[in-house]
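Accompanying notes for the structure given below.
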Amino acid sequence: MGNSIRNLVTWAVVGILLGALAVHQMNAPAAASHCPSQTVSGGPGEDFLVSSDDRASTLNGFGSADHMRGYDCNDTLNGGDGPDNAHGATGADLVYGDDGHENSGHCNTFFTFCGELVGGGDGDRIEGNAGSDTLDDTSGSDTDTAVGGVDNDTVRVNDGDTNDLASGGSGTDTCNSDAGSEEDSSCES
């Protein structure tokens, strides 16, 4: 009887350890190239949209002031109309502000990049489109493209390498880069 209880307890412990390992592996971030996709859309009002850390997310803000954050996979963040805060985080992300100025009025500790469209690591494309925007992709050692679009924009790609492209678009734009070769002729200062 003693051996059977000991065997039962041993198998129970093994089962618990295997279960914990499986949960840990399920919660571990997936490599960006192996991420399943998901789409999350907000409504016409202010939205707080956050990607899962193991999904390649498309976050659609639509109207009003939207706050979006990607995570470990290759995410697409579409701000839509209105002033937006968007941060791609890690992964090769596409970040679009669309129509409206960047939003500096609705900040909190989770959105520490408040008032900007931010890329992150791994080679991003950020587009401000219409409105005066601040675009920031200053995480180094990758190749980023930041395009301000219409109106007066601030575009920052000064990340310690010379692999990026800063384009202001129309309007009077300020571009900060590591070398003049990273800026096109639409950067006035």
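The way I read the labels, and the way they are meant: chains A, B, ... in the order of the structure tokens, residue 1 as the first residue of every chain, and ligand 1 as the first ligand shown, with later ones counted on from there.
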Please identify all polymer residues within 7 Å of region 186-188 of chain A, counting only C-alpha atoms, omitting same-chain residues fewer than 5 positions from it, and present them as a VMD selection string.
chain A and resid 167 to 170 172 to 175
Write out as a PDB file with all heavy atoms, in the first residue's frame each polymer residue whose atoms come within 10 Å of region 71-74 of chain A, counting only C-alpha atoms; drop sequence neighbours fewer than 5 positions from it.
ATOM      1  N   PRO A  29       6.400  34.693 -25.034  1.00  0.00           N
ATOM      2  CA  PRO A  29       6.181  35.366 -26.307  1.00  0.00           C
ATOM      3  C   PRO A  29       6.719  34.528 -27.461  1.00  0.00           C
ATOM      4  O   PRO A  29       7.771  33.935 -27.385  1.00  0.00           O
ATOM      5  CB  PRO A  29       6.955  36.674 -26.173  1.00  0.00           C
ATOM      6  CG  PRO A  29       7.679  36.622 -24.893  1.00  0.00           C
ATOM      7  CD  PRO A  29       7.255  35.413 -24.129  1.00  0.00           C
ATOM      8  N   ALA A  30       5.942  34.488 -28.518  1.00  0.00           N
ATOM      9  CA  ALA A  30       6.349  33.734 -29.701  1.00  0.00           C
ATOM     10  C   ALA A  30       7.322  34.549 -30.523  1.00  0.00           C
ATOM     11  O   ALA A  30       7.337  35.777 -30.455  1.00  0.00           O
ATOM     12  CB  ALA A  30       5.107  33.407 -30.531  1.00  0.00           C
ATOM     13  N   ALA A  31       8.151  33.891 -31.299  1.00  0.00           N
ATOM     14  CA  ALA A  31       9.017  34.602 -32.232  1.00  0.00           C
ATOM     15  C   ALA A  31       8.131  35.344 -33.221  1.00  0.00           C
ATOM     16  O   ALA A  31       7.065  34.873 -33.601  1.00  0.00           O
ATOM     17  CB  ALA A  31       9.921  33.608 -32.960  1.00  0.00           C
ATOM     18  N   ALA A  32       8.559  36.535 -33.626  1.00  0.00           N
ATOM     19  CA  ALA A  32       7.721  37.402 -34.469  1.00  0.00           C
ATOM     20  C   ALA A  32       7.268  36.713 -35.747  1.00  0.00           C
ATOM     21  O   ALA A  32       6.176  36.945 -36.227  1.00  0.00           O
ATOM     22  CB  ALA A  32       8.469  38.687 -34.791  1.00  0.00           C
ATOM     23  N   SER A  33       8.090  35.840 -36.300  1.00  0.00           N
ATOM     24  CA  SER A  33       7.722  35.195 -37.558  1.00  0.00           C
ATOM     25  C   SER A  33       6.734  34.047 -37.357  1.00  0.00           C
ATOM     26  O   SER A  33       6.195  33.532 -38.319  1.00  0.00           O
ATOM     27  CB  SER A  33       8.972  34.692 -38.275  1.00  0.00           C
ATOM     28  OG  SER A  33       9.616  33.721 -37.468  1.00  0.00           O
ATOM     29  N   HIS A  34       6.487  33.637 -36.129  1.00  0.00           N
ATOM     30  CA  HIS A  34       5.597  32.515 -35.856  1.00  0.00           C
ATOM     31  C   HIS A  34       4.338  32.938 -35.114  1.00  0.00           C
ATOM     32  O   HIS A  34       3.694  32.121 -34.469  1.00  0.00           O
ATOM     33  CB  HIS A  34       6.337  31.452 -35.039  1.00  0.00           C
ATOM     34  CG  HIS A  34       7.452  30.820 -35.809  1.00  0.00           C
ATOM     35  ND1 HIS A  34       8.687  31.404 -35.913  1.00  0.00           N
ATOM     36  CD2 HIS A  34       7.496  29.686 -36.520  1.00  0.00           C
ATOM     37  CE1 HIS A  34       9.462  30.635 -36.652  1.00  0.00           C
ATOM     38  NE2 HIS A  34       8.771  29.588 -37.031  1.00  0.00           N
ATOM     39  N   CYS A  35       3.986  34.179 -35.175  1.00  0.00           N
ATOM     40  CA  CYS A  35       2.851  34.685 -34.420  1.00  0.00           C
ATOM     41  C   CYS A  35       1.554  34.535 -35.219  1.00  0.00           C
ATOM     42  O   CYS A  35       1.477  34.992 -36.357  1.00  0.00           O
ATOM     43  CB  CYS A  35       3.049  36.164 -34.097  1.00  0.00           C
ATOM     44  SG  CYS A  35       4.454  36.493 -33.036  1.00  0.00           S
ATOM     45  N   PRO A  36       0.529  33.923 -34.625  1.00  0.00           N
ATOM     46  CA  PRO A  36      -0.776  33.923 -35.293  1.00  0.00           C
ATOM     47  C   PRO A  36      -1.333  35.346 -35.283  1.00  0.00           C
ATOM     48  O   PRO A  36      -0.953  36.171 -34.456  1.00  0.00           O
ATOM     49  CB  PRO A  36      -1.612  32.982 -34.433  1.00  0.00           C
ATOM     50  CG  PRO A  36      -0.919  32.928 -33.111  1.00  0.00           C
ATOM     51  CD  PRO A  36       0.529  33.223 -33.357  1.00  0.00           C
ATOM     52  N   SER A  37      -2.233  35.636 -36.209  1.00  0.00           N
ATOM     53  CA  SER A  37      -2.733  37.009 -36.324  1.00  0.00           C
ATOM     54  C   SER A  37      -4.070  37.182 -35.613  1.00  0.00           C
ATOM     55  O   SER A  37      -4.808  36.230 -35.386  1.00  0.00           O
ATOM     56  CB  SER A  37      -2.874  37.394 -37.793  1.00  0.00           C
ATOM     57  OG  SER A  37      -3.833  36.579 -38.412  1.00  0.00           O
ATOM     58  N   VAL A  50      -4.690  47.070 -26.907  1.00  0.00           N
ATOM     59  CA  VAL A  50      -3.400  46.482 -26.595  1.00  0.00           C
ATOM     60  C   VAL A  50      -3.320  45.116 -27.257  1.00  0.00           C
ATOM     61  O   VAL A  50      -4.237  44.303 -27.138  1.00  0.00           O
ATOM     62  CB  VAL A  50      -3.205  46.347 -25.067  1.00  0.00           C
ATOM     63  CG1 VAL A  50      -1.861  45.728 -24.754  1.00  0.00           C
ATOM     64  CG2 VAL A  50      -3.340  47.701 -24.395  1.00  0.00           C
ATOM     65  N   SER A  51      -2.223  44.877 -27.930  1.00  0.00           N
ATOM     66  CA  SER A  51      -1.985  43.593 -28.582  1.00  0.00           C
ATOM     67  C   SER A  51      -1.660  42.521 -27.557  1.00  0.00           C
ATOM     68  O   SER A  51      -1.110  42.808 -26.500  1.00  0.00           O
ATOM     69  CB  SER A  51      -0.810  43.737 -29.557  1.00  0.00           C
ATOM     70  OG  SER A  51      -0.420  42.485 -30.049  1.00  0.00           O
ATOM     71  N   SER A  52      -1.989  41.286 -27.867  1.00  0.00           N
ATOM     72  CA  SER A  52      -1.505  40.155 -27.071  1.00  0.00           C
ATOM     73  C   SER A  52      -0.019  40.010 -27.343  1.00  0.00           C
ATOM     74  O   SER A  52       0.449  40.280 -28.445  1.00  0.00           O
ATOM     75  CB  SER A  52      -2.212  38.866 -27.488  1.00  0.00           C
ATOM     76  OG  SER A  52      -3.586  38.982 -27.301  1.00  0.00           O
ATOM     77  N   ASP A  53       0.741  39.563 -26.356  1.00  0.00           N
ATOM     78  CA  ASP A  53       2.186  39.468 -26.556  1.00  0.00           C
ATOM     79  C   ASP A  53       2.577  38.317 -27.472  1.00  0.00           C
ATOM     80  O   ASP A  53       3.706  38.227 -27.904  1.00  0.00           O
ATOM     81  CB  ASP A  53       2.931  39.379 -25.229  1.00  0.00           C
ATOM     82  CG  ASP A  53       2.600  38.134 -24.432  1.00  0.00           C
ATOM     83  OD1 ASP A  53       1.679  37.399 -24.813  1.00  0.00           O
ATOM     84  OD2 ASP A  53       3.267  37.903 -23.408  1.00  0.00           O
ATOM     85  N   ASP A  54       1.648  37.441 -27.814  1.00  0.00           N
ATOM     86  CA  ASP A  54       1.970  36.296 -28.669  1.00  0.00           C
ATOM     87  C   ASP A  54       1.187  36.317 -29.974  1.00  0.00           C
ATOM     88  O   ASP A  54       1.038  35.307 -30.635  1.00  0.00           O
ATOM     89  CB  ASP A  54       1.714  34.997 -27.919  1.00  0.00           C
ATOM     90  CG  ASP A  54       0.244  34.831 -27.526  1.00  0.00           C
ATOM     91  OD1 ASP A  54      -0.505  35.831 -27.588  1.00  0.00           O
ATOM     92  OD2 ASP A  54      -0.147  33.715 -27.156  1.00  0.00           O
ATOM     93  N   ARG A  55       0.658  37.473 -30.370  1.00  0.00           N
ATOM     94  CA  ARG A  55      -0.139  37.598 -31.588  1.00  0.00           C
ATOM     95  C   ARG A  55       0.377  38.738 -32.442  1.00  0.00           C
ATOM     96  O   ARG A  55       0.767  39.783 -31.939  1.00  0.00           O
ATOM     97  CB  ARG A  55      -1.601  37.908 -31.256  1.00  0.00           C
ATOM     98  CG  ARG A  55      -2.268  36.890 -30.392  1.00  0.00           C
ATOM     99  CD  ARG A  55      -2.955  35.893 -31.227  1.00  0.00           C
ATOM    100  NE  ARG A  55      -3.656  34.933 -30.379  1.00  0.00           N
ATOM    101  CZ  ARG A  55      -4.118  33.817 -30.851  1.00  0.00           C
ATOM    102  NH1 ARG A  55      -3.990  33.529 -32.115  1.00  0.00           N
ATOM    103  NH2 ARG A  55      -4.711  32.973 -30.063  1.00  0.00           N
ATOM    104  N   ALA A  56       0.355  38.559 -33.763  1.00  0.00           N
ATOM    105  CA  ALA A  56       0.607  39.644 -34.698  1.00  0.00           C
ATOM    106  C   ALA A  56      -0.715  40.371 -34.848  1.00  0.00           C
ATOM    107  O   ALA A  56      -1.648  39.862 -35.466  1.00  0.00           O
ATOM    108  CB  ALA A  56       1.099  39.106 -36.033  1.00  0.00           C
ATOM    109  N   SER A  57      -0.830  41.527 -34.247  1.00  0.00           N
ATOM    110  CA  SER A  57      -2.121  42.199 -34.138  1.00  0.00           C
ATOM    111  C   SER A  57      -2.266  43.329 -35.138  1.00  0.00           C
ATOM    112  O   SER A  57      -1.316  44.057 -35.418  1.00  0.00           O
ATOM    113  CB  SER A  57      -2.309  42.765 -32.730  1.00  0.00           C
ATOM    114  OG  SER A  57      -2.290  41.737 -31.777  1.00  0.00           O
ATOM    115  N   THR A  58      -3.483  43.490 -35.627  1.00  0.00           N
ATOM    116  CA  THR A  58      -3.894  44.689 -36.333  1.00  0.00           C
ATOM    117  C   THR A  58      -4.848  45.407 -35.396  1.00  0.00           C
ATOM    118  O   THR A  58      -5.910  44.870 -35.059  1.00  0.00           O
ATOM    119  CB  THR A  58      -4.587  44.356 -37.669  1.00  0.00           C
ATOM    120  OG1 THR A  58      -3.660  43.661 -38.510  1.00  0.00           O
ATOM    121  CG2 THR A  58      -5.057  45.619 -38.371  1.00  0.00           C
ATOM    122  N   HIS A  87       2.222  52.916 -30.024  1.00  0.00           N
ATOM    123  CA  HIS A  87       3.577  52.408 -29.782  1.00  0.00           C
ATOM    124  C   HIS A  87       3.664  50.984 -30.290  1.00  0.00           C
ATOM    125  O   HIS A  87       2.923  50.118 -29.837  1.00  0.00           O
ATOM    126  CB  HIS A  87       3.892  52.460 -28.294  1.00  0.00           C
ATOM    127  CG  HIS A  87       5.283  52.046 -27.967  1.00  0.00           C
ATOM    128  ND1 HIS A  87       5.584  51.265 -26.893  1.00  0.00           N
ATOM    129  CD2 HIS A  87       6.462  52.284 -28.588  1.00  0.00           C
ATOM    130  CE1 HIS A  87       6.882  51.048 -26.846  1.00  0.00           C
ATOM    131  NE2 HIS A  87       7.433  51.662 -27.877  1.00  0.00           N
ATOM    132  N   GLY A  88       4.545  50.745 -31.241  1.00  0.00           N
ATOM    133  CA  GLY A  88       4.676  49.419 -31.826  1.00  0.00           C
ATOM    134  C   GLY A  88       5.385  48.428 -30.936  1.00  0.00           C
ATOM    135  O   GLY A  88       5.116  47.248 -30.990  1.00  0.00           O
ATOM    136  N   ALA A  89       6.296  48.853 -30.080  1.00  0.00           N
ATOM    137  CA  ALA A  89       7.134  47.993 -29.231  1.00  0.00           C
ATOM    138  C   ALA A  89       8.023  47.122 -30.104  1.00  0.00           C
ATOM    139  O   ALA A  89       8.418  47.537 -31.189  1.00  0.00           O
ATOM    140  CB  ALA A  89       6.291  47.187 -28.255  1.00  0.00           C
ATOM    141  N   THR A  90       8.353  45.902 -29.684  1.00  0.00           N
ATOM    142  CA  THR A  90       9.255  45.062 -30.463  1.00  0.00           C
ATOM    143  C   THR A  90       8.513  44.434 -31.639  1.00  0.00           C
ATOM    144  O   THR A  90       7.295  44.395 -31.667  1.00  0.00           O
ATOM    145  CB  THR A  90       9.881  43.959 -29.597  1.00  0.00           C
ATOM    146  OG1 THR A  90       8.831  43.184 -29.027  1.00  0.00           O
ATOM    147  CG2 THR A  90      10.738  44.545 -28.506  1.00  0.00           C
ATOM    148  N   GLY A  91       9.245  43.935 -32.604  1.00  0.00           N
ATOM    149  CA  GLY A  91       8.653  43.419 -33.834  1.00  0.00           C
ATOM    150  C   GLY A  91       8.776  44.459 -34.925  1.00  0.00           C
ATOM    151  O   GLY A  91       9.000  45.648 -34.667  1.00  0.00           O
ATOM    152  N   ALA A  92       8.664  44.046 -36.171  1.00  0.00           N
ATOM    153  CA  ALA A  92       8.688  44.969 -37.310  1.00  0.00           C
ATOM    154  C   ALA A  92       7.267  45.482 -37.489  1.00  0.00           C
ATOM    155  O   ALA A  92       6.424  44.827 -38.080  1.00  0.00           O
ATOM    156  CB  ALA A  92       9.186  44.261 -38.561  1.00  0.00           C
ATOM    157  N   ASP A  93       6.987  46.666 -36.969  1.00  0.00           N
ATOM    158  CA  ASP A  93       5.625  47.176 -36.882  1.00  0.00           C
ATOM    159  C   ASP A  93       5.333  48.232 -37.932  1.00  0.00           C
ATOM    160  O   ASP A  93       6.230  48.933 -38.394  1.00  0.00           O
ATOM    161  CB  ASP A  93       5.399  47.789 -35.491  1.00  0.00           C
ATOM    162  CG  ASP A  93       5.672  46.801 -34.380  1.00  0.00           C
ATOM    163  OD1 ASP A  93       5.115  45.699 -34.439  1.00  0.00           O
ATOM    164  OD2 ASP A  93       6.447  47.139 -33.477  1.00  0.00           O
ATOM    165  N   LEU A  94       4.060  48.352 -38.270  1.00  0.00           N
ATOM    166  CA  LEU A  94       3.557  49.443 -39.100  1.00  0.00           C
ATOM    167  C   LEU A  94       2.671  50.296 -38.208  1.00  0.00           C
ATOM    168  O   LEU A  94       1.711  49.790 -37.630  1.00  0.00           O
ATOM    169  CB  LEU A  94       2.748  48.904 -40.277  1.00  0.00           C
ATOM    170  CG  LEU A  94       3.487  47.964 -41.227  1.00  0.00           C
ATOM    171  CD1 LEU A  94       2.518  47.378 -42.248  1.00  0.00           C
ATOM    172  CD2 LEU A  94       4.605  48.705 -41.931  1.00  0.00           C
ATOM    173  N   GLY A 120       9.734  51.301 -32.267  1.00  0.00           N
ATOM    174  CA  GLY A 120      10.284  50.291 -31.370  1.00  0.00           C
ATOM    175  C   GLY A 120      11.439  49.602 -32.064  1.00  0.00           C
ATOM    176  O   GLY A 120      12.054  50.156 -32.963  1.00  0.00           O
ATOM    177  N   GLY A 121      11.754  48.382 -31.680  1.00  0.00           N
ATOM    178  CA  GLY A 121      12.852  47.659 -32.298  1.00  0.00           C
ATOM    179  C   GLY A 121      12.428  46.908 -33.541  1.00  0.00           C
ATOM    180  O   GLY A 121      11.253  46.745 -33.824  1.00  0.00           O
ATOM    181  N   ASP A 122      13.381  46.473 -34.321  1.00  0.00           N
ATOM    182  CA  ASP A 122      13.185  45.536 -35.428  1.00  0.00           C
ATOM    183  C   ASP A 122      12.688  46.140 -36.733  1.00  0.00           C
ATOM    184  O   ASP A 122      12.031  45.461 -37.494  1.00  0.00           O
ATOM    185  CB  ASP A 122      12.261  44.387 -35.029  1.00  0.00           C
ATOM    186  CG  ASP A 122      12.806  43.594 -33.863  1.00  0.00           C
ATOM    187  OD1 ASP A 122      14.043  43.420 -33.808  1.00  0.00           O
ATOM    188  OD2 ASP A 122      12.019  43.178 -33.018  1.00  0.00           O
ATOM    189  N   GLY A 123      12.985  47.362 -37.065  1.00  0.00           N
ATOM    190  CA  GLY A 123      12.686  47.918 -38.379  1.00  0.00           C
ATOM    191  C   GLY A 123      11.224  48.224 -38.578  1.00  0.00           C
ATOM    192  O   GLY A 123      10.439  47.371 -38.961  1.00  0.00           O
ATOM    193  N   ASP A 124      10.825  49.454 -38.334  1.00  0.00           N
ATOM    194  CA  ASP A 124       9.421  49.848 -38.383  1.00  0.00           C
ATOM    195  C   ASP A 124       9.168  50.873 -39.480  1.00  0.00           C
ATOM    196  O   ASP A 124      10.084  51.524 -39.968  1.00  0.00           O
ATOM    197  CB  ASP A 124       9.022  50.488 -37.041  1.00  0.00           C
ATOM    198  CG  ASP A 124       9.296  49.563 -35.883  1.00  0.00           C
ATOM    199  OD1 ASP A 124       8.815  48.435 -35.906  1.00  0.00           O
ATOM    200  OD2 ASP A 124      10.016  49.981 -34.960  1.00  0.00           O
TER     201      ASP A 124
END
Near Ala166 (chain A), within 8 Å and counting only C-alpha atoms, which residues show up once chain neighbours fewer than 5 positions away are dropped, as a PDB file with all heavy atoms, in the first residue's frame?
ATOM      1  N   THR A 145      11.673  53.562 -41.208  1.00  0.00           N
ATOM      2  CA  THR A 145      11.195  54.615 -42.096  1.00  0.00           C
ATOM      3  C   THR A 145      10.130  55.386 -41.336  1.00  0.00           C
ATOM      4  O   THR A 145       9.165  54.798 -40.850  1.00  0.00           O
ATOM      5  CB  THR A 145      10.593  54.034 -43.390  1.00  0.00           C
ATOM      6  OG1 THR A 145      11.599  53.271 -44.055  1.00  0.00           O
ATOM      7  CG2 THR A 145      10.089  55.147 -44.302  1.00  0.00           C
ATOM      8  N   ALA A 146      10.304  56.692 -41.210  1.00  0.00           N
ATOM      9  CA  ALA A 146       9.347  57.546 -40.523  1.00  0.00           C
ATOM     10  C   ALA A 146       8.956  58.681 -41.468  1.00  0.00           C
ATOM     11  O   ALA A 146       9.808  59.451 -41.897  1.00  0.00           O
ATOM     12  CB  ALA A 146       9.939  58.089 -39.239  1.00  0.00           C
ATOM     13  N   VAL A 147       7.671  58.765 -41.795  1.00  0.00           N
ATOM     14  CA  VAL A 147       7.149  59.746 -42.756  1.00  0.00           C
ATOM     15  C   VAL A 147       6.108  60.605 -42.056  1.00  0.00           C
ATOM     16  O   VAL A 147       5.066  60.098 -41.616  1.00  0.00           O
ATOM     17  CB  VAL A 147       6.524  59.038 -43.983  1.00  0.00           C
ATOM     18  CG1 VAL A 147       6.005  60.064 -44.977  1.00  0.00           C
ATOM     19  CG2 VAL A 147       7.527  58.098 -44.631  1.00  0.00           C
ATOM     20  N   VAL A 155      10.120  64.493 -36.743  1.00  0.00           N
ATOM     21  CA  VAL A 155      10.456  63.107 -37.064  1.00  0.00           C
ATOM     22  C   VAL A 155      11.827  62.807 -36.465  1.00  0.00           C
ATOM     23  O   VAL A 155      12.807  63.467 -36.784  1.00  0.00           O
ATOM     24  CB  VAL A 155      10.480  62.888 -38.595  1.00  0.00           C
ATOM     25  CG1 VAL A 155      10.819  61.450 -38.925  1.00  0.00           C
ATOM     26  CG2 VAL A 155       9.149  63.292 -39.223  1.00  0.00           C
ATOM     27  N   ARG A 156      11.871  61.796 -35.571  1.00  0.00           N
ATOM     28  CA  ARG A 156      13.131  61.445 -34.904  1.00  0.00           C
ATOM     29  C   ARG A 156      13.512  60.005 -35.231  1.00  0.00           C
ATOM     30  O   ARG A 156      12.758  59.082 -34.937  1.00  0.00           O
ATOM     31  CB  ARG A 156      12.995  61.608 -33.397  1.00  0.00           C
ATOM     32  CG  ARG A 156      12.778  63.039 -32.961  1.00  0.00           C
ATOM     33  CD  ARG A 156      12.874  63.191 -31.463  1.00  0.00           C
ATOM     34  NE  ARG A 156      11.786  62.541 -30.766  1.00  0.00           N
ATOM     35  CZ  ARG A 156      10.773  63.190 -30.184  1.00  0.00           C
ATOM     36  NH1 ARG A 156      10.725  64.493 -30.224  1.00  0.00           N
ATOM     37  NH2 ARG A 156       9.845  62.529 -29.558  1.00  0.00           N
ATOM     38  N   VAL A 157      14.683  59.841 -35.854  1.00  0.00           N
ATOM     39  CA  VAL A 157      15.244  58.512 -36.108  1.00  0.00           C
ATOM     40  C   VAL A 157      16.705  58.458 -35.651  1.00  0.00           C
ATOM     41  O   VAL A 157      17.462  57.609 -36.095  1.00  0.00           O
ATOM     42  CB  VAL A 157      15.115  58.092 -37.594  1.00  0.00           C
ATOM     43  CG1 VAL A 157      13.663  57.923 -37.984  1.00  0.00           C
ATOM     44  CG2 VAL A 157      15.817  59.074 -38.514  1.00  0.00           C
ATOM     45  N   CYS A 175      13.488  67.250 -38.547  1.00  0.00           N
ATOM     46  CA  CYS A 175      13.940  65.859 -38.542  1.00  0.00           C
ATOM     47  C   CYS A 175      15.227  65.755 -37.737  1.00  0.00           C
ATOM     48  O   CYS A 175      16.137  66.552 -37.917  1.00  0.00           O
ATOM     49  CB  CYS A 175      14.178  65.360 -39.962  1.00  0.00           C
ATOM     50  SG  CYS A 175      12.703  65.363 -40.994  1.00  0.00           S
ATOM     51  N   ASN A 176      15.288  64.782 -36.861  1.00  0.00           N
ATOM     52  CA  ASN A 176      16.480  64.492 -36.075  1.00  0.00           C
ATOM     53  C   ASN A 176      16.979  63.117 -36.476  1.00  0.00           C
ATOM     54  O   ASN A 176      16.263  62.129 -36.320  1.00  0.00           O
ATOM     55  CB  ASN A 176      16.167  64.502 -34.575  1.00  0.00           C
ATOM     56  CG  ASN A 176      15.633  65.835 -34.118  1.00  0.00           C
ATOM     57  OD1 ASN A 176      16.148  66.876 -34.488  1.00  0.00           O
ATOM     58  ND2 ASN A 176      14.582  65.812 -33.317  1.00  0.00           N
ATOM     59  N   SER A 177      18.209  63.060 -36.987  1.00  0.00           N
ATOM     60  CA  SER A 177      18.759  61.794 -37.459  1.00  0.00           C
ATOM     61  C   SER A 177      20.235  61.719 -37.099  1.00  0.00           C
ATOM     62  O   SER A 177      20.817  62.681 -36.603  1.00  0.00           O
ATOM     63  CB  SER A 177      18.575  61.662 -38.971  1.00  0.00           C
ATOM     64  OG  SER A 177      19.338  62.645 -39.639  1.00  0.00           O
ATOM     65  N   GLU A 182      20.236  60.324 -43.851  1.00  0.00           N
ATOM     66  CA  GLU A 182      18.992  59.681 -43.410  1.00  0.00           C
ATOM     67  C   GLU A 182      17.771  60.562 -43.632  1.00  0.00           C
ATOM     68  O   GLU A 182      16.653  60.114 -43.429  1.00  0.00           O
ATOM     69  CB  GLU A 182      19.077  59.316 -41.924  1.00  0.00           C
ATOM     70  CG  GLU A 182      20.010  58.193 -41.609  1.00  0.00           C
ATOM     71  CD  GLU A 182      19.894  57.750 -40.161  1.00  0.00           C
ATOM     72  OE1 GLU A 182      19.927  58.599 -39.255  1.00  0.00           O
ATOM     73  OE2 GLU A 182      19.782  56.539 -39.945  1.00  0.00           O
ATOM     74  N   GLU A 183      17.984  61.817 -44.023  1.00  0.00           N
ATOM     75  CA  GLU A 183      16.880  62.756 -44.203  1.00  0.00           C
ATOM     76  C   GLU A 183      16.667  63.035 -45.676  1.00  0.00           C
ATOM     77  O   GLU A 183      17.605  63.180 -46.419  1.00  0.00           O
ATOM     78  CB  GLU A 183      17.185  64.074 -43.478  1.00  0.00           C
ATOM     79  CG  GLU A 183      17.377  63.911 -41.994  1.00  0.00           C
ATOM     80  CD  GLU A 183      17.760  65.199 -41.312  1.00  0.00           C
ATOM     81  OE1 GLU A 183      17.678  66.288 -41.953  1.00  0.00           O
ATOM     82  OE2 GLU A 183      18.146  65.148 -40.125  1.00  0.00           O
ATOM     83  N   ASP A 184      15.391  63.130 -46.090  1.00  0.00           N
ATOM     84  CA  ASP A 184      15.134  63.539 -47.464  1.00  0.00           C
ATOM     85  C   ASP A 184      14.918  65.047 -47.512  1.00  0.00           C
ATOM     86  O   ASP A 184      14.978  65.739 -46.496  1.00  0.00           O
ATOM     87  CB  ASP A 184      13.991  62.739 -48.093  1.00  0.00           C
ATOM     88  CG  ASP A 184      12.607  63.111 -47.570  1.00  0.00           C
ATOM     89  OD1 ASP A 184      12.466  64.083 -46.803  1.00  0.00           O
ATOM     90  OD2 ASP A 184      11.646  62.420 -47.933  1.00  0.00           O
ATOM     91  N   CYS A 187      12.711  67.572 -45.101  1.00  0.00           N
ATOM     92  CA  CYS A 187      13.078  67.971 -43.735  1.00  0.00           C
ATOM     93  C   CYS A 187      13.693  69.361 -43.806  1.00  0.00           C
ATOM     94  O   CYS A 187      14.775  69.544 -44.342  1.00  0.00           O
ATOM     95  CB  CYS A 187      14.085  66.985 -43.145  1.00  0.00           C
ATOM     96  SG  CYS A 187      13.425  65.323 -42.896  1.00  0.00           S
TER      97      CYS A 187
END
Neighbour list for Val95 (chain A) as a PyMOL selection string, cut-off 6 Å, only C-alpha atoms, skip fewer than 3 positions in-chain:
chain A and resi 76-77+126
Writer output for current selection, all heavy atoms, as an mmCIF file, in the first residue's frame:
data_model
loop_
_atom_site.group_PDB
_atom_site.id
_atom_site.type_symbol
_atom_site.label_atom_id
_atom_site.label_comp_id
_atom_site.auth_asym_id
_atom_site.auth_seq_id
_atom_site.Cartn_x
_atom_site.Cartn_y
_atom_site.Cartn_z
ATOM 1 N N THR A 76 0.367 45.910 -36.684
ATOM 2 C CA THR A 76 -0.070 47.056 -37.476
ATOM 3 C C THR A 76 -1.019 47.869 -36.619
ATOM 4 O O THR A 76 -2.030 47.338 -36.145
ATOM 5 C CB THR A 76 -0.776 46.607 -38.775
ATOM 6 O OG1 THR A 76 0.124 45.805 -39.540
ATOM 7 C CG2 THR A 76 -1.214 47.811 -39.597
ATOM 8 N N LEU A 77 -0.699 49.149 -36.402
ATOM 9 C CA LEU A 77 -1.523 50.023 -35.585
ATOM 10 C C LEU A 77 -2.078 51.129 -36.467
ATOM 11 O O LEU A 77 -1.317 51.906 -37.043
ATOM 12 C CB LEU A 77 -0.700 50.616 -34.440
ATOM 13 C CG LEU A 77 -0.338 49.682 -33.282
ATOM 14 C CD1 LEU A 77 0.551 48.549 -33.699
ATOM 15 C CD2 LEU A 77 0.316 50.459 -32.168
ATOM 16 N N ILE A 126 6.611 54.152 -39.782
ATOM 17 C CA ILE A 126 5.675 55.007 -39.053
ATOM 18 C C ILE A 126 5.217 56.102 -40.002
ATOM 19 O O ILE A 126 6.048 56.753 -40.640
ATOM 20 C CB ILE A 126 6.349 55.665 -37.838
ATOM 21 C CG1 ILE A 126 7.056 54.631 -36.978
ATOM 22 C CG2 ILE A 126 5.340 56.447 -37.020
ATOM 23 C CD1 ILE A 126 7.954 55.255 -35.935
#
If you count only C-alpha atoms, the residue of A:Gly160, A:Pro44, A:Leu117, A:Ala130 closest to Gly70 (chain A) turns out to be A:Leu117
If we count only C-alpha atoms, what is near Gly128 (chain A) at a cut-off of 8 Å, once residues fewer than 3 positions away on the same chain are taken out, given as a list in words?
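The neighbour list is Tyr96, Gly97, Asp98, Asp99, Leu117, Gly131, Ser132, Asp133, Thr134, Leu135, Val147, Gly148, Gly149 and Val150 of chain A.
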Please provide as a list in words all residues within 9 Å of Phe48 (chain A), with the sequence filter that same-chain residues fewer than 6 positions apart are discarded (counting only C-alpha atoms).
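Counting only the stated atoms, we get Gly42, Gly61, Asp66, His67, Met68 and Arg69 of chain A.
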Determine the nearest neighbour of Asp161 (chain A) from the options A:Asp47, A:Gly119, A:Gly180, A:Ser141, counting only C-alpha atoms.
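Nearest to Asp161 (chain A): A:Ser141.
Pairwise distance (CA of Asp159 (chain A), CA of Ala86 (chain A)) equals 18.8 Å.
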Straight-line distance linking CA of Asp153 (chain A) with CA of Ser64 (chain A), stated in Å to one decimal:
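Value for the CA of Asp153 (chain A)-CA of Ser64 (chain A) distance: 19.9 Å.
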